[in-house]
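Below: protein.cif (mmCIF, C-alpha atoms (C1' of nucleotides))
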data_model
#
loop_
_atom_site.label_atom_id
_atom_site.label_comp_id
_atom_site.auth_asym_id
_atom_site.auth_seq_id
_atom_site.Cartn_x
_atom_site.Cartn_y
_atom_site.Cartn_z
CA MET A 242 -21.56 22.81 -8.02
CA GLU A 243 -19.62 25.21 -5.82
CA THR A 244 -22.69 26.63 -4.16
CA ASP A 245 -20.44 26.81 -1.13
CA GLY A 246 -19.41 30.00 0.60
CA ALA A 247 -20.41 29.66 4.26
CA ALA A 248 -22.96 32.39 3.85
CA VAL A 249 -23.74 33.91 7.22
CA LEU A 250 -27.40 33.57 7.93
CA PRO A 251 -29.12 36.93 8.30
CA ILE A 252 -29.99 36.40 11.93
CA THR A 253 -28.99 39.75 13.23
CA ALA A 254 -28.87 39.82 16.97
CA SER A 255 -30.41 37.96 19.87
CA CYS A 256 -32.48 35.06 18.65
CA SER A 257 -34.70 32.48 20.23
CA PRO A 258 -32.91 29.43 21.66
CA ALA A 259 -34.61 27.27 19.06
CA ALA A 260 -33.14 29.38 16.28
CA ARG A 261 -29.78 29.35 18.02
CA SER A 262 -29.62 25.58 18.22
CA CYS A 263 -30.87 25.26 14.67
CA ARG A 264 -28.14 27.58 13.44
CA SER A 265 -25.41 25.79 15.41
CA HIS A 266 -26.76 22.52 14.11
CA SER A 267 -26.45 23.47 10.47
CA GLU A 268 -23.07 24.99 11.23
CA ALA A 269 -21.81 21.80 12.86
CA GLU A 270 -23.15 19.83 9.96
CA ARG A 271 -21.29 22.05 7.54
CA LYS A 272 -18.15 21.57 9.61
CA ARG A 273 -18.60 17.81 9.48
CA ARG A 274 -19.08 17.91 5.71
CA GLN A 275 -15.93 19.88 5.19
CA ARG A 276 -13.98 17.40 7.31
CA ILE A 277 -15.13 14.56 5.10
CA ASN A 278 -14.52 16.51 1.91
CA GLY A 279 -11.11 17.54 3.18
CA HIS A 280 -10.05 13.94 3.60
CA LEU A 281 -11.63 13.20 0.25
CA ALA A 282 -9.55 15.92 -1.37
CA THR A 283 -6.45 14.53 0.30
CA LEU A 284 -7.20 11.15 -1.19
CA ARG A 285 -7.80 12.76 -4.56
CA SER A 286 -4.41 14.44 -4.42
CA LEU A 287 -2.80 11.25 -3.16
CA LEU A 288 -4.11 9.22 -6.05
CA PRO A 289 -2.03 9.94 -9.13
CA SER A 290 -4.50 8.81 -11.77
CA ALA A 291 -7.52 10.83 -10.96
CA ALA A 292 -8.22 14.38 -10.26
CA ARG A 293 -11.61 15.53 -11.56
CA MET A 294 -13.46 12.41 -10.51
CA ASP A 295 -16.88 11.71 -9.18
CA LYS A 296 -16.72 11.45 -5.44
CA ALA A 297 -18.07 7.92 -5.87
CA THR A 298 -15.69 6.73 -8.55
CA LEU A 299 -12.87 8.30 -6.59
CA LEU A 300 -13.77 6.10 -3.63
CA GLY A 301 -13.92 3.12 -5.98
CA GLU A 302 -10.42 3.89 -7.16
CA VAL A 303 -9.27 4.24 -3.57
CA VAL A 304 -10.69 0.79 -2.86
CA ARG A 305 -8.79 -0.60 -5.82
CA HIS A 306 -5.49 0.95 -4.74
CA VAL A 307 -5.87 -0.15 -1.14
CA ARG A 308 -6.56 -3.68 -2.33
CA GLU A 309 -3.53 -3.85 -4.60
CA LEU A 310 -1.18 -2.14 -2.17
CA ARG A 311 -2.38 -4.45 0.59
CA GLY A 312 -1.57 -7.39 -1.69
CA ILE A 313 1.96 -6.12 -2.19
CA ALA A 314 2.46 -5.46 1.51
CA ASP A 315 1.19 -8.92 2.44
CA GLU A 316 3.50 -10.48 -0.11
CA VAL A 317 6.47 -8.58 1.28
CA ALA A 318 5.55 -9.42 4.85
CA SER A 319 5.03 -13.11 4.13
CA SER A 320 8.37 -13.39 2.40
CA SER A 321 10.16 -11.47 5.13
CA VAL A 322 9.71 -13.78 8.06
CA PRO A 323 11.84 -16.90 8.23
CA CYS A 324 10.00 -19.82 9.76
CA GLU A 325 11.47 -21.88 12.59
CA GLY A 326 11.52 -25.19 10.74
CA ASP A 327 13.84 -26.08 7.87
CA GLU A 328 12.06 -26.17 4.53
CA VAL A 329 12.48 -25.73 0.81
CA GLY A 330 9.81 -24.94 -1.73
CA VAL A 331 9.28 -24.32 -5.44
CA GLU A 332 6.20 -22.83 -7.00
CA ASP A 333 5.26 -21.24 -10.31
CA GLU A 334 5.16 -17.50 -10.62
CA MET A 335 1.72 -16.16 -11.37
CA VAL A 336 2.69 -13.10 -13.34
CA GLU A 337 0.37 -12.45 -16.27
CA GLY A 338 3.29 -11.82 -18.65
CA GLY A 339 5.21 -14.61 -16.98
CA CYS A 340 7.52 -16.42 -19.35
CA GLY A 341 8.18 -19.51 -17.26
CA ARG A 342 9.58 -18.34 -13.98
CA VAL A 343 9.47 -20.03 -10.61
CA ARG A 344 9.74 -18.77 -7.07
CA ALA A 345 11.97 -20.97 -4.95
CA TRP A 346 12.67 -20.51 -1.26
CA VAL A 347 14.73 -22.14 1.42
CA CYS A 348 14.52 -21.53 5.13
CA CYS A 349 17.29 -22.72 7.41
CA ALA A 350 19.75 -21.64 10.08
CA ASP A 351 22.02 -18.77 9.13
CA ARG A 352 25.69 -19.48 8.48
CA PRO A 353 28.61 -17.86 6.66
CA GLY A 354 28.83 -18.83 3.02
CA LEU A 355 25.19 -19.72 2.67
CA MET A 356 24.80 -17.19 -0.07
CA GLY A 357 27.58 -18.75 -2.10
CA GLU A 358 26.09 -22.20 -1.70
CA LEU A 359 22.77 -20.93 -2.90
CA SER A 360 24.48 -19.50 -5.93
CA GLN A 361 26.07 -22.86 -6.67
CA ALA A 362 22.72 -24.57 -6.23
CA VAL A 363 21.18 -22.26 -8.78
CA VAL A 364 23.83 -22.93 -11.40
CA ALA A 365 23.66 -26.65 -10.64
CA ALA A 366 19.98 -26.55 -11.48
CA ARG A 367 20.82 -24.80 -14.77
CA ALA A 368 18.85 -21.77 -13.61
CA ARG A 369 19.46 -18.07 -13.24
CA ALA A 370 18.37 -15.74 -10.46
CA VAL A 371 16.49 -12.72 -11.71
CA ARG A 372 15.73 -11.61 -8.19
CA ALA A 373 16.95 -12.75 -4.81
CA GLU A 374 15.89 -11.72 -1.37
CA MET A 375 17.09 -13.04 1.96
CA THR A 376 16.11 -12.12 5.45
CA THR A 377 17.93 -13.07 8.64
CA VAL A 378 16.41 -12.73 12.06
CA GLY A 379 17.45 -14.49 15.25
CA GLY A 380 19.99 -16.69 13.51
CA ARG A 381 17.50 -18.05 11.01
CA THR A 382 17.46 -17.13 7.34
CA ARG A 383 14.82 -17.20 4.64
CA SER A 384 15.96 -16.88 1.03
CA VAL A 385 13.52 -16.33 -1.80
CA LEU A 386 14.81 -16.75 -5.35
CA GLU A 387 12.99 -15.81 -8.52
CA LEU A 388 14.47 -18.12 -11.13
CA GLU A 389 14.38 -18.72 -14.85
CA LEU A 390 16.21 -21.29 -16.95
CA VAL A 391 19.55 -20.38 -18.45
CA GLY A 392 18.50 -21.03 -22.05
CA GLY A 393 16.29 -18.00 -22.05
CA SER A 394 12.52 -18.31 -22.35
CA ALA A 395 12.43 -22.08 -22.16
CA ALA A 396 9.34 -23.21 -20.33
CA ILE A 397 9.96 -24.64 -16.90
CA ASP A 398 8.57 -28.13 -16.61
CA GLY A 399 8.29 -30.53 -13.70
CA GLU A 400 11.77 -31.85 -14.35
CA ALA A 401 13.36 -28.43 -13.98
CA ARG A 402 11.33 -27.74 -10.88
CA SER A 403 12.45 -30.96 -9.23
CA ALA A 404 16.06 -30.20 -10.19
CA ILE A 405 15.82 -26.85 -8.46
CA ARG A 406 14.20 -28.44 -5.46
CA ALA A 407 16.91 -31.09 -5.26
CA ALA A 408 19.69 -28.52 -5.41
CA LEU A 409 18.13 -26.48 -2.63
CA ARG A 410 17.59 -29.60 -0.54
CA GLU A 411 21.29 -30.29 -0.87
CA VAL A 412 22.00 -26.85 0.57
CA LEU A 413 19.75 -27.74 3.44
CA LEU A 414 21.48 -31.09 4.00
CA ASP A 415 24.90 -29.46 3.88
CA ASP A 416 23.68 -27.18 6.59
CA ARG A 417 22.65 -30.06 8.79
CA ASN A 418 25.77 -32.11 8.17
CA ARG A 419 27.95 -29.23 9.18
CA SER A 420 26.07 -28.17 12.24
CA VAL A 421 24.76 -31.47 13.59
CA ASP A 422 27.82 -32.00 15.78
CA ARG A 423 27.63 -28.50 17.17
CA PHE A 424 23.94 -27.86 17.66
CA LYS A 425 20.78 -29.81 17.98
CA ARG A 426 19.00 -30.52 14.73
CA GLN A 427 16.13 -28.11 14.97
CA ARG A 428 14.19 -25.70 17.17
CA THR A 429 17.50 -24.50 18.55
CA SER A 430 18.00 -20.78 18.83
CA ASN A 431 21.49 -20.95 17.45
CA ARG A 432 22.72 -17.40 17.19
CA PHE A 433 25.98 -17.08 15.34
CA GLY A 434 27.60 -13.95 16.56
CA THR A 435 29.48 -13.57 13.31
CA ALA A 436 26.93 -14.99 10.93
CA ALA A 437 27.25 -13.34 7.54
CA LEU A 438 25.36 -13.53 4.28
CA MET B 114 -29.18 6.64 12.07
CA GLU B 115 -30.54 3.93 9.80
CA THR B 116 -33.51 6.01 8.78
CA ASP B 117 -33.06 4.28 5.47
CA GLY B 118 -35.64 2.05 3.85
CA ALA B 119 -36.38 3.49 0.42
CA ALA B 120 -39.83 4.45 1.55
CA VAL B 121 -42.07 4.79 -1.47
CA LEU B 122 -43.50 8.25 -1.59
CA PRO B 123 -47.29 8.27 -1.35
CA ILE B 124 -47.78 9.59 -4.83
CA THR B 125 -50.52 7.24 -5.87
CA ALA B 126 -51.12 7.34 -9.56
CA SER B 127 -50.63 9.77 -12.40
CA CYS B 128 -48.81 12.83 -11.13
CA SER B 129 -47.87 16.15 -12.53
CA PRO B 130 -44.62 16.25 -14.49
CA ALA B 131 -43.17 18.49 -11.81
CA ALA B 132 -43.86 15.87 -9.15
CA ARG B 133 -42.51 13.14 -11.42
CA SER B 134 -39.21 14.90 -11.94
CA CYS B 135 -38.97 15.74 -8.27
CA ARG B 136 -39.45 12.10 -7.34
CA SER B 137 -36.93 10.82 -9.88
CA HIS B 138 -34.54 13.45 -8.64
CA SER B 139 -34.60 12.34 -5.03
CA GLU B 140 -34.45 8.76 -6.19
CA ALA B 141 -31.34 9.41 -8.23
CA GLU B 142 -29.81 11.22 -5.32
CA ARG B 143 -30.52 8.25 -3.08
CA LYS B 144 -28.90 5.98 -5.65
CA ARG B 145 -25.84 8.18 -5.71
CA ARG B 146 -25.62 8.15 -1.92
CA GLN B 147 -25.79 4.40 -1.75
CA ARG B 148 -23.01 4.12 -4.32
CA ILE B 149 -20.77 6.29 -2.17
CA ASN B 150 -21.74 4.51 1.04
CA GLY B 151 -21.22 1.15 -0.62
CA HIS B 152 -17.63 2.00 -1.45
CA LEU B 153 -17.27 3.44 2.02
CA ALA B 154 -18.45 0.15 3.53
CA THR B 155 -16.00 -1.72 1.34
CA LEU B 156 -13.21 0.44 2.66
CA ARG B 157 -14.42 -0.12 6.19
CA SER B 158 -14.32 -3.89 5.69
CA LEU B 159 -10.96 -3.64 3.97
CA LEU B 160 -9.38 -1.79 6.86
CA PRO B 161 -8.76 -4.24 9.69
CA SER B 162 -8.47 -1.77 12.53
CA ALA B 163 -11.65 0.14 12.12
CA ALA B 164 -15.15 -0.99 12.08
CA ARG B 165 -17.55 1.32 13.98
CA MET B 166 -15.85 4.49 12.89
CA ASP B 167 -17.03 7.91 11.96
CA LYS B 168 -17.27 8.24 8.23
CA ALA B 169 -14.78 11.08 8.56
CA THR B 170 -12.25 9.34 10.77
CA LEU B 171 -12.57 6.30 8.56
CA LEU B 172 -11.51 8.39 5.60
CA GLY B 173 -8.64 9.76 7.67
CA GLU B 174 -7.50 6.25 8.43
CA VAL B 175 -7.78 5.38 4.75
CA VAL B 176 -5.54 8.33 3.96
CA ARG B 177 -3.02 7.13 6.51
CA HIS B 178 -2.98 3.59 5.11
CA VAL B 179 -2.69 4.74 1.53
CA ARG B 180 0.22 6.97 2.48
CA GLU B 181 2.11 4.26 4.34
CA LEU B 182 1.42 1.55 1.78
CA ARG B 183 2.45 3.93 -0.98
CA GLY B 184 5.71 4.51 0.91
CA ILE B 185 6.38 0.80 1.05
CA ALA B 186 5.54 0.33 -2.61
CA ASP B 187 7.78 3.21 -3.65
CA GLU B 188 10.60 1.82 -1.54
CA VAL B 189 10.22 -1.58 -3.16
CA ALA B 190 10.03 -0.11 -6.63
CA SER B 191 13.01 2.17 -6.12
CA SER B 192 15.15 -0.66 -4.82
CA SER B 193 14.06 -2.98 -7.60
CA VAL B 194 15.52 -1.20 -10.58
CA PRO B 195 19.26 -1.37 -11.12
CA CYS B 196 20.61 1.80 -12.63
CA GLU B 197 22.83 1.79 -15.71
CA GLY B 198 25.86 3.36 -14.09
CA ASP B 199 28.12 1.69 -11.52
CA GLU B 200 27.65 3.07 -8.04
CA VAL B 201 27.90 2.27 -4.36
CA GLY B 202 26.14 4.01 -1.50
CA VAL B 203 25.75 3.91 2.26
CA GLU B 204 23.05 5.69 4.21
CA ASP B 205 21.58 5.49 7.69
CA GLU B 206 18.38 3.59 8.25
CA MET B 207 15.55 5.78 9.40
CA VAL B 208 13.68 3.26 11.48
CA GLU B 209 12.26 4.78 14.68
CA GLY B 210 13.44 1.81 16.75
CA GLY B 211 16.63 1.72 14.71
CA CYS B 212 19.60 0.53 16.72
CA GLY B 213 22.33 1.67 14.39
CA ARG B 214 21.70 0.07 11.06
CA VAL B 215 22.75 1.23 7.63
CA ARG B 216 21.43 0.55 4.18
CA ALA B 217 24.21 -0.10 1.70
CA TRP B 218 23.79 -0.73 -1.99
CA VAL B 219 25.94 -1.47 -4.97
CA CYS B 220 24.89 -1.41 -8.60
CA CYS B 221 27.09 -3.04 -11.21
CA ALA B 222 27.15 -5.55 -14.05
CA ASP B 223 25.98 -9.02 -13.16
CA ARG B 224 28.55 -11.82 -12.93
CA PRO B 225 28.86 -15.26 -11.33
CA GLY B 226 30.17 -15.17 -7.80
CA LEU B 227 29.10 -11.62 -7.14
CA MET B 228 27.02 -12.76 -4.21
CA GLY B 229 29.99 -14.43 -2.59
CA GLU B 230 32.13 -11.34 -3.05
CA LEU B 231 29.46 -9.23 -1.44
CA SER B 232 29.43 -11.61 1.48
CA GLN B 233 33.19 -11.26 1.86
CA ALA B 234 32.90 -7.51 1.66
CA VAL B 235 30.42 -7.52 4.48
CA VAL B 236 32.62 -9.59 6.78
CA ALA B 237 35.63 -7.47 5.80
CA ALA B 238 33.73 -4.42 7.03
CA ARG B 239 33.04 -6.25 10.29
CA ALA B 240 29.33 -6.06 9.54
CA ARG B 241 26.45 -8.47 9.34
CA ALA B 242 23.62 -8.57 6.83
CA VAL B 243 20.22 -8.62 8.46
CA ARG B 244 18.50 -8.33 5.11
CA ALA B 245 19.75 -8.61 1.56
CA GLU B 246 17.95 -8.02 -1.68
CA MET B 247 19.34 -8.17 -5.19
CA THR B 248 17.67 -7.62 -8.49
CA THR B 249 19.07 -8.50 -11.89
CA VAL B 250 17.66 -7.21 -15.14
CA GLY B 251 19.35 -7.02 -18.51
CA GLY B 252 22.71 -8.13 -17.14
CA ARG B 253 22.84 -5.42 -14.51
CA THR B 254 22.44 -6.07 -10.80
CA ARG B 255 21.43 -3.93 -7.87
CA SER B 256 22.12 -5.26 -4.39
CA VAL B 257 20.72 -3.64 -1.29
CA LEU B 258 22.11 -4.73 2.07
CA GLU B 259 20.73 -3.84 5.46
CA LEU B 260 23.72 -4.06 7.75
CA GLU B 261 24.60 -3.89 11.42
CA LEU B 262 27.94 -4.26 13.16
CA VAL B 263 29.00 -7.70 14.38
CA GLY B 264 29.41 -6.67 18.00
CA GLY B 265 25.69 -6.34 18.41
CA SER B 266 24.07 -2.99 19.05
CA ALA B 267 27.22 -0.94 18.64
CA ALA B 268 26.41 2.39 17.09
CA ILE B 269 27.58 2.83 13.55
CA ASP B 270 29.82 5.84 13.20
CA GLY B 271 31.42 7.49 10.18
CA GLU B 272 34.40 5.16 10.38
CA ALA B 273 32.24 2.05 10.06
CA ARG B 274 30.31 3.63 7.23
CA SER B 275 33.45 4.42 5.29
CA ALA B 276 34.73 0.89 5.89
CA ILE B 277 31.56 -0.53 4.41
CA ARG B 278 31.77 1.84 1.51
CA ALA B 279 35.39 0.92 0.86
CA ALA B 280 34.62 -2.79 0.89
CA LEU B 281 31.79 -2.35 -1.58
CA ARG B 282 33.95 -0.17 -3.79
CA GLU B 283 36.47 -2.97 -3.91
CA VAL B 284 33.76 -5.29 -5.17
CA LEU B 285 33.03 -2.75 -7.86
CA LEU B 286 36.70 -2.46 -8.85
CA ASP B 287 37.08 -6.22 -8.97
CA ASP B 288 34.20 -6.23 -11.37
CA ARG B 289 35.87 -3.73 -13.67
CA ASN B 290 39.29 -5.38 -13.52
CA ARG B 291 37.84 -8.71 -14.48
CA SER B 292 35.57 -7.58 -17.24
CA VAL B 293 37.52 -4.73 -18.77
CA ASP B 294 39.31 -7.00 -21.24
CA ARG B 295 36.09 -8.69 -22.31
CA PHE B 296 33.56 -5.90 -22.48
CA LYS B 297 33.47 -2.19 -22.75
CA ARG B 298 33.47 -0.37 -19.45
CA GLN B 299 29.90 0.73 -19.37
CA ARG B 300 26.64 1.07 -21.25
CA THR B 301 27.24 -2.40 -22.68
CA SER B 302 24.40 -4.84 -22.65
CA ASN B 303 26.58 -7.70 -21.49
CA ARG B 304 24.29 -10.65 -20.93
CA PHE B 305 26.04 -13.59 -19.39
CA GLY B 306 24.21 -16.69 -20.47
CA THR B 307 25.18 -18.39 -17.25
CA ALA B 308 25.15 -15.43 -14.95
CA ALA B 309 24.30 -16.55 -11.46
CA LEU B 310 23.70 -14.88 -8.13
"C1'" DC C 251 -35.35 20.10 -21.52
"C1'" DT C 252 -33.29 16.19 -18.87
"C1'" DC C 253 -29.31 14.04 -16.24
"C1'" DG C 254 -25.80 13.84 -13.02
"C1'" DA C 255 -23.16 15.78 -9.30
"C1'" DC C 256 -22.77 18.82 -5.46
"C1'" DA C 257 -23.73 21.57 -0.87
"C1'" DC C 258 -27.13 22.67 1.95
"C1'" DG C 259 -30.49 22.48 5.87
"C1'" DT C 260 -33.32 19.48 8.61
"C1'" DG C 261 -35.43 15.47 11.32
"C1'" DA C 262 -34.20 11.16 13.59
"C1'" DG C 263 -31.64 8.51 16.70
"C1'" DG C 264 -27.54 7.41 19.71
"C1'" DC C 265 -24.63 8.41 23.45
"C1'" DT D 146 -30.52 17.93 28.16
"C1'" DG D 147 -27.01 18.84 24.35
"C1'" DC D 148 -23.87 17.21 21.05
"C1'" DC D 149 -22.81 14.40 17.23
"C1'" DT D 150 -23.61 11.46 13.18
"C1'" DC D 151 -26.43 9.98 9.56
"C1'" DA D 152 -29.92 9.79 5.56
"C1'" DC D 153 -33.06 12.40 3.35
"C1'" DG D 154 -35.08 15.84 0.09
"C1'" DT D 155 -34.21 20.07 -2.29
"C1'" DG D 156 -32.00 24.07 -4.92
"C1'" DT D 157 -28.70 24.78 -8.24
"C1'" DC D 158 -25.10 24.67 -11.53
"C1'" DG D 159 -23.10 22.55 -15.71
"C1'" DA D 160 -23.23 19.26 -19.68
#
Serialized structure, structure tokens:
Amino acid sequence: METDGAAVLPITASCSPAARSCRSHSEAERKRRQRINGHLATLRSLLPSAARMDKATLLGEVVRHVRELRGIADEVASSSVPCEGDEVGVEDEMVEGGCGRVRAWVCCADRPGLMGELSQAVVAARARAVRAEMTTVGGRTRSVLELELVGGSAAIDGEARSAIRAALREVLLDDRNRSVDRFKRQRTSNRFGTAAL
Amino acid sequence: METDGAAVLPITASCSPAARSCRSHSEAERKRRQRINGHLATLRSLLPSAARMDKATLLGEVVRHVRELRGIADEVASSSVPCEGDEVGVEDEMVEGGCGRVRAWVCCADRPGLMGELSQAVVAARARAVRAEMTTVGGRTRSVLELELVGGSAAIDGEARSAIRAALREVLLDDRNRSVDRFKRQRTSNRFGTAAL
DNA sequence: CTCGACACGTGAGGC
DNA sequence: TGCCTCACGTGTCGA
């Protein structure tokens, strides 16, 4: 490889228009190639794993990275937007080394003290939050909890899942009981000016 | 374009070894090209914005996406690992449409009720959490709060920042005062069996 | 020697 | 017409 060098063709002076266009053609083509290869080199430097790779396998690796990063981004984006209806949910984590974790979420109107109530719900379900993430936008909050049982690596069965779901539902009902005399039940853009965690 | 078609060269029957190697050479080269272009097509399908793009500009767009997705992934990863030393921090958000938000974080030992204390700290600083994220691993917790002032789009000045920092520091001190008689100050793998949010 | 990877120039086809 | 992109075959260098 490395036969490159942009060797100037030995066309000395005035040349026929055919030769001129031919020369500019090959020159433009070379320019195009070096644009592509420039971006390719950028990708090669951007990818940590692989310098010294076949241009083809490099592109394959780029495909892989784009796919996995897109998966992460989609996951983040999907968990970042609270929906407009109240809901709770519990589903199993699909981590390959997953030792019995679940992902639980609750979406409701924002209010002060919600975080504390969620904490109580978790302990009531005999669970423990390894990761928590909550997003508030326009007075509505979505909380995603990654839970495992307190005992340690005890497998989470249907009973534990329903316990978690019940505890979160109670948080939801508390929300409605408190706010039903102040706001409409749902679909109300209830912005608390001082809403906190 | 689309001059493709794998046209069989009109070499009829037995051919000289030179011709044989020449043919297999161009064939191999064609195979290589279609590997590259296959991955390129995959990338083109993977990228939502750009079908019908120059092979070069497509690669440029791929570079852009990899860069931005890598930024997101790094941000997630960096905020996901609690450090082993206690610390609090406040820094300005660098969103282009950013109307005065700050990113505040506190890293300390996990304990029940920490989430509630963080909530109180936020209201004490006259702030509001638009987004909260906390990660617990090995008994240590890192909480990242995206805050804005309660008044609405009031710009956050140094005074507000220091108020937030002070409130979070108080959370940290509460932690030490409560746990100093039960555990060593630091570097202790203190796993609460019932540690909650 | 053969294989695989690369840059090159060139003809074809699309605006 | 001219410019631009693409696929093709070829020369060449290194394993």
Using the chain letters and numbering of this document, enumerate as a list of chain:residue names the residues selected by the PyMOL selection byres ((chain D) within 12 of (chain A)).
D:DG147, D:DC148, D:DC149, D:DT150, D:DC151, D:DG156, D:DT157, D:DC158, D:DG159
Dump C-alpha atoms (C1' of nucleotides) for the selected residues as a CSV table (one decimal), in the coordinates of the input?
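Result file result.csv:
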chain,number,residue,atom,x,y,z
D,147,DG,C1',-27.0,18.8,24.4
D,148,DC,C1',-23.9,17.2,21.0
D,149,DC,C1',-22.8,14.4,17.2
D,150,DT,C1',-23.6,11.5,13.2
D,151,DC,C1',-26.4,10.0,9.6
D,156,DG,C1',-32.0,24.1,-4.9
D,157,DT,C1',-28.7,24.8,-8.2
D,158,DC,C1',-25.1,24.7,-11.5
D,159,DG,C1',-23.1,22.6,-15.7
With all atoms listed in the file considered, list every residue of chain A at most 7 Å from chain B, as JSON, numbers by chain.
{"A": [276, 277, 280, 284, 297, 300, 301, 304, 307, 310, 356, 357, 360, 364, 369, 370, 371, 372, 373, 374, 375, 376, 377, 378, 391, 434, 435, 436, 437, 438]}
Only C-alpha atoms, please: the residues just picked out, written as a PDB file, keeping the file's coordinate frame.
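Final output, result.pdb:
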ATOM      1  CA  ARG A 276     -13.980  17.400   7.310  1.00  0.00           C
ATOM      2  CA  ILE A 277     -15.130  14.560   5.100  1.00  0.00           C
ATOM      3  CA  HIS A 280     -10.050  13.940   3.600  1.00  0.00           C
ATOM      4  CA  LEU A 284      -7.200  11.150  -1.190  1.00  0.00           C
ATOM      5  CA  ALA A 297     -18.070   7.920  -5.870  1.00  0.00           C
ATOM      6  CA  LEU A 300     -13.770   6.100  -3.630  1.00  0.00           C
ATOM      7  CA  GLY A 301     -13.920   3.120  -5.980  1.00  0.00           C
ATOM      8  CA  VAL A 304     -10.690   0.790  -2.860  1.00  0.00           C
ATOM      9  CA  VAL A 307      -5.870  -0.150  -1.140  1.00  0.00           C
ATOM     10  CA  LEU A 310      -1.180  -2.140  -2.170  1.00  0.00           C
ATOM     11  CA  MET A 356      24.800 -17.190  -0.070  1.00  0.00           C
ATOM     12  CA  GLY A 357      27.580 -18.750  -2.100  1.00  0.00           C
ATOM     13  CA  SER A 360      24.480 -19.500  -5.930  1.00  0.00           C
ATOM     14  CA  VAL A 364      23.830 -22.930 -11.400  1.00  0.00           C
ATOM     15  CA  ARG A 369      19.460 -18.070 -13.240  1.00  0.00           C
ATOM     16  CA  ALA A 370      18.370 -15.740 -10.460  1.00  0.00           C
ATOM     17  CA  VAL A 371      16.490 -12.720 -11.710  1.00  0.00           C
ATOM     18  CA  ARG A 372      15.730 -11.610  -8.190  1.00  0.00           C
ATOM     19  CA  ALA A 373      16.950 -12.750  -4.810  1.00  0.00           C
ATOM     20  CA  GLU A 374      15.890 -11.720  -1.370  1.00  0.00           C
ATOM     21  CA  MET A 375      17.090 -13.040   1.960  1.00  0.00           C
ATOM     22  CA  THR A 376      16.110 -12.120   5.450  1.00  0.00           C
ATOM     23  CA  THR A 377      17.930 -13.070   8.640  1.00  0.00           C
ATOM     24  CA  VAL A 378      16.410 -12.730  12.060  1.00  0.00           C
ATOM     25  CA  VAL A 391      19.550 -20.380 -18.450  1.00  0.00           C
ATOM     26  CA  GLY A 434      27.600 -13.950  16.560  1.00  0.00           C
ATOM     27  CA  THR A 435      29.480 -13.570  13.310  1.00  0.00           C
ATOM     28  CA  ALA A 436      26.930 -14.990  10.930  1.00  0.00           C
ATOM     29  CA  ALA A 437      27.250 -13.340   7.540  1.00  0.00           C
ATOM     30  CA  LEU A 438      25.360 -13.530   4.280  1.00  0.00           C
TER      31      LEU A 438
END
Identify all residues satisfying the PyMOL selection byres ((chain C) within 12 of (chain B)) in the given file; provide them as a ChimeraX atom specification.
/C:251-256,261-264
Can you list what the PyMOL selection byres ((chain D and resi 155) around 9) grabs from this structure, as a count of residues only?
5
Between CA of Glu200 in chain B and CA of Cys221 in chain B, what is the distance, to one decimal in Å?
6.9 Å
Work out how far CA of Arg224 in chain B is from CA of Gly202 in chain B, in Å to one decimal.
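Those two atoms sit 19.7 Å apart.
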Tell me, in Å to one decimal, how far CA of Val412 in chain A is from CA of Glu334 in chain A.
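Calculated distance between CA of Val412 in chain A and CA of Glu334 in chain A is 22.3 Å.
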Counting all atoms listed in the file, note down every residue that has an atom within 12 Å of the point (33.0, 3.6, 5.4) (file coordinates), as a list in words.
Val201, Gly202, Val203, Glu204, Asp205, Val215, Ala217, Ala234, Val235, Ala237, Ala238, Arg239, Ala240, Ile269, Asp270, Gly271, Glu272, Ala273, Arg274, Ser275, Ala276, Ile277, Arg278, Ala279, Ala280, Leu281, Arg282 and Glu283 of chain B
Give, as lines of an AutoDock Vina configuration file, the centre coordinates and the x, y and z edge lengths in Å to one decimal for an axis-aligned box around all listed atoms of range 232-244 of chain B, padded by 8 Å on each side.
center_x = 27.1
center_y = -8.0
center_z = 5.9
size_x = 33.1
size_y = 23.2
size_z = 24.8
